[in-house]
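First the structure, in the form of structure tokens, and then the observations on it.
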Amino acid sequence: MILKLQMKNAIQTPQMVVSTSMHRARKSGLSLCAATLCAAVLSPAAHALERITLTNGFSIDCAGHEQADSSHIRLIYPSGTQLLPASEIAGIDVLPDPPKPIPTAAPVAPSDIPSLVARAGTQRNIDVDLLYSVIHTESNFRSNAVSRAGARGLMQLMPATARNLGVDDAFKPDQNINGGAAYLDQLLTRYHDSLSLALAAYNAGPEAVARYHGIPPFRETIAYVRIVENEFIRRKNALKKNQTKQTDVAPTKQVDLAAANEMAAVQSPKSSQALR
């Protein structure tokens with residue numbers, strides 16, 4: 001009886017029903033079914049198929065309807081039904097199906113990262129172990145990583161750098177790895193394959209390397225260069241230990257760590273000393 005009374009009030013004064021029904025639900029423990037049914041009268045259902053227009057000017061969206069008797073129509077909702085006098089219904093319209101969600105590209109699985117790294121290394125003529133070392137240090141292979149400074153993705157590209165590299169979405173592994181490899185290739189070329197200087201510029205920016213004529217004396221940058229180089233050496237030593245041979249379509253840039261550190265020492269003795 002209470003539920004029918006609420007439905008009748010909902011037709012006449014829908015704005016009043018919300019506060020009344022919720023107040024009763026808190027005080028007397030009115031069932032959730034009744035509260036849900038009241039809400040359905042006031043707002044369209046998520047997947048409504050029919051719109052019932054009432055004679056008082058209001059409308060109700062529901063999943064369907066059926067003839068209850070000669071003078072009543074039963075509206076059907078996902079959570080229940082509602083009985084309305086047929087004389088209070090001005091019209092019933094069928095609603096179009098809700099638009100289908102736009103399909104999105106499937107996320108790249110972690111198992112696909114090796115193929116993306118290998119492709120980027122071949123295209124940019126960069127040792128894949130160097131790319132792995134940078135990714136490991138930058139994001140620990142988390143494609144959704146975001147730094148405090150705002151760098152994004154596997155190779156932690158800053159938004160401005162990503163735009164300059166033609167990367168539309170830095171969180172997509174394929175775009176991020178391609179962009180990061182292109183940027184690292186530019187830096188290695190700029191610093192004549194000096195790994196230390198290229199990594200310092202990757203971390204602190206080429207402007208900082210130019211300002212200090214070598215590796216900037218920033219604790220974070222010095223530690224970053226050391227960590228990436230150690231990871232690179234570890235991977236190379238692991239390959240030798242397992243007696244595996246790397247086959248590349250094109251010869252890769254050969255980065256001589258000793259020569260890189262020697263060049264950095266000439267340009268920035270203090271920064272190079274900190275790396276030892």
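The way I read the labels, and the way they are meant: chains A, B, ... in the order of the structure tokens, residue 1 as the first residue of every chain, and ligand 1 as the first ligand shown, with later ones counted on from there.
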
Item to check | Test item: residues at most 9 Å from Asn178 (chain A), only C-alpha atoms, excluding those fewer than 5 positions along its chain, as a VMD selection string | outcome: chain A and resid 116 to 117 119 to 121 123 to 124 165 167 173 183

Checklist entry - So which residues of region 38-197 of chain A fall under strand (DSSP E or B) by DSSP, listed as a PyMOL selection string? => result chain A and resi 50-54+59-62+64-69+72-77+80-85+89-94+146+152+157

Checklist entry - Near Pro85 (chain A), counting only C-alpha atoms, which residues have an atom at most 6 Å away, once you skip same-chain residues fewer than 2 positions from it, shown as a ChimeraX atom specification? => result /A:71-72,87-88

Item to check | All residues 9 Å or closer to Ile177 (chain A), only C-alpha atoms, same chain fewer than 5 positions away omitted, as JSON, numbers by chain | outcome: {"A": [113, 116, 117, 120, 131, 135, 153, 154, 155, 170, 172, 182]}

Keeping C-alpha atoms, export the residues of the selection given above as a PDB file, in the first residue's frame.
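The file below, part34.pdb, is the result:
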```pdb
ATOM      1  CA  ILE A 113      57.361  -5.312 -25.250  1.00  0.00           C
ATOM      2  CA  LEU A 116      58.558  -3.448 -29.754  1.00  0.00           C
ATOM      3  CA  VAL A 117      62.025  -2.891 -28.277  1.00  0.00           C
ATOM      4  CA  ALA A 120      62.776   0.228 -32.285  1.00  0.00           C
ATOM      5  CA  LEU A 131      66.796   0.389 -24.497  1.00  0.00           C
ATOM      6  CA  ILE A 135      63.092   1.338 -19.637  1.00  0.00           C
ATOM      7  CA  GLY A 153      55.060   5.822 -19.986  1.00  0.00           C
ATOM      8  CA  LEU A 154      57.745   3.184 -20.328  1.00  0.00           C
ATOM      9  CA  MET A 155      60.569   5.565 -21.278  1.00  0.00           C
ATOM     10  CA  ALA A 170      52.811   8.381 -24.336  1.00  0.00           C
ATOM     11  CA  LYS A 172      50.833   3.413 -25.515  1.00  0.00           C
ATOM     12  CA  ALA A 182      64.283   8.229 -31.399  1.00  0.00           C
TER      13      ALA A 182
END
```

Item to check | Who sits within 12 Å of Leu199 (chain A), only C-alpha atoms, same chain under 2 positions skipped, as a VMD selection string | outcome: chain A and resid 130 to 131 133 to 134 137 to 138 180 183 to 188 190 to 191 193 to 197 201 to 206 208 to 209 214 to 216 220 to 229 232 255 257 260 to 261 264

Dump as a PDB file, in the first residue's frame, selection limited to C-alpha atoms:
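Listed below is the output, again_35.pdb:
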```pdb
ATOM      1  CA  LEU A 130      70.510  -0.186 -23.845  1.00  0.00           C
ATOM      2  CA  LEU A 131      66.796   0.389 -24.497  1.00  0.00           C
ATOM      3  CA  SER A 133      68.249  -0.607 -19.411  1.00  0.00           C
ATOM      4  CA  VAL A 134      66.617   2.786 -19.890  1.00  0.00           C
ATOM      5  CA  THR A 137      65.437   2.467 -14.836  1.00  0.00           C
ATOM      6  CA  GLU A 138      62.760   4.886 -15.988  1.00  0.00           C
ATOM      7  CA  GLY A 180      62.090   7.218 -26.545  1.00  0.00           C
ATOM      8  CA  TYR A 183      65.170  10.700 -28.645  1.00  0.00           C
ATOM      9  CA  LEU A 184      68.013   8.513 -27.358  1.00  0.00           C
ATOM     10  CA  ASP A 185      69.296   8.144 -30.919  1.00  0.00           C
ATOM     11  CA  GLN A 186      69.339  11.931 -31.309  1.00  0.00           C
ATOM     12  CA  LEU A 187      71.294  12.323 -28.075  1.00  0.00           C
ATOM     13  CA  LEU A 188      73.836   9.613 -28.917  1.00  0.00           C
ATOM     14  CA  ARG A 190      74.707  14.698 -30.676  1.00  0.00           C
ATOM     15  CA  TYR A 191      77.310  13.511 -28.161  1.00  0.00           C
ATOM     16  CA  ASP A 193      77.992   8.028 -28.999  1.00  0.00           C
ATOM     17  CA  SER A 194      79.034   9.059 -25.491  1.00  0.00           C
ATOM     18  CA  LEU A 195      76.616   7.025 -23.390  1.00  0.00           C
ATOM     19  CA  SER A 196      77.227   9.011 -20.204  1.00  0.00           C
ATOM     20  CA  LEU A 197      76.469  12.353 -21.815  1.00  0.00           C
ATOM     21  CA  ALA A 201      70.844  14.727 -21.327  1.00  0.00           C
ATOM     22  CA  TYR A 202      67.987  12.202 -21.344  1.00  0.00           C
ATOM     23  CA  ASN A 203      67.548  12.778 -17.626  1.00  0.00           C
ATOM     24  CA  ALA A 204      68.352  16.466 -17.139  1.00  0.00           C
ATOM     25  CA  GLY A 205      68.003  17.823 -20.669  1.00  0.00           C
ATOM     26  CA  PRO A 206      70.592  18.845 -23.274  1.00  0.00           C
ATOM     27  CA  ALA A 208      71.876  21.276 -18.577  1.00  0.00           C
ATOM     28  CA  VAL A 209      74.658  19.249 -20.219  1.00  0.00           C
ATOM     29  CA  GLY A 214      79.358  17.651 -19.233  1.00  0.00           C
ATOM     30  CA  ILE A 215      77.269  15.639 -16.787  1.00  0.00           C
ATOM     31  CA  PRO A 216      75.374  18.129 -14.587  1.00  0.00           C
ATOM     32  CA  GLU A 220      69.571  12.536  -9.404  1.00  0.00           C
ATOM     33  CA  THR A 221      71.292  12.777 -12.796  1.00  0.00           C
ATOM     34  CA  ILE A 222      74.587  11.339 -11.548  1.00  0.00           C
ATOM     35  CA  ALA A 223      72.749   8.420  -9.935  1.00  0.00           C
ATOM     36  CA  TYR A 224      70.613   7.930 -13.057  1.00  0.00           C
ATOM     37  CA  VAL A 225      73.624   7.671 -15.367  1.00  0.00           C
ATOM     38  CA  ARG A 226      75.311   5.204 -13.017  1.00  0.00           C
ATOM     39  CA  ILE A 227      72.203   3.022 -12.665  1.00  0.00           C
ATOM     40  CA  VAL A 228      71.511   2.790 -16.415  1.00  0.00           C
ATOM     41  CA  GLU A 229      75.159   2.065 -17.235  1.00  0.00           C
ATOM     42  CA  PHE A 232      73.534  -2.110 -19.387  1.00  0.00           C
ATOM     43  CA  VAL A 255      78.725   2.268 -27.072  1.00  0.00           C
ATOM     44  CA  LEU A 257      81.531   2.829 -21.730  1.00  0.00           C
ATOM     45  CA  ALA A 260      82.215   7.540 -22.801  1.00  0.00           C
ATOM     46  CA  ASN A 261      83.424   8.042 -19.259  1.00  0.00           C
ATOM     47  CA  ALA A 264      82.842  12.912 -19.808  1.00  0.00           C
TER      48      ALA A 264
END
```

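Nearest to Arg234 (chain A) of all the residues A:Thr81, A:Leu49, A:Asp129, A:His192 is A:Asp129, based on only C-alpha atoms.
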
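Shortest separation to Ala118 (chain A) among A:Thr53, A:Ala86, A:Ser70, A:Asp174 occurs at residue A:Asp174, atoms counted being only C-alpha atoms.
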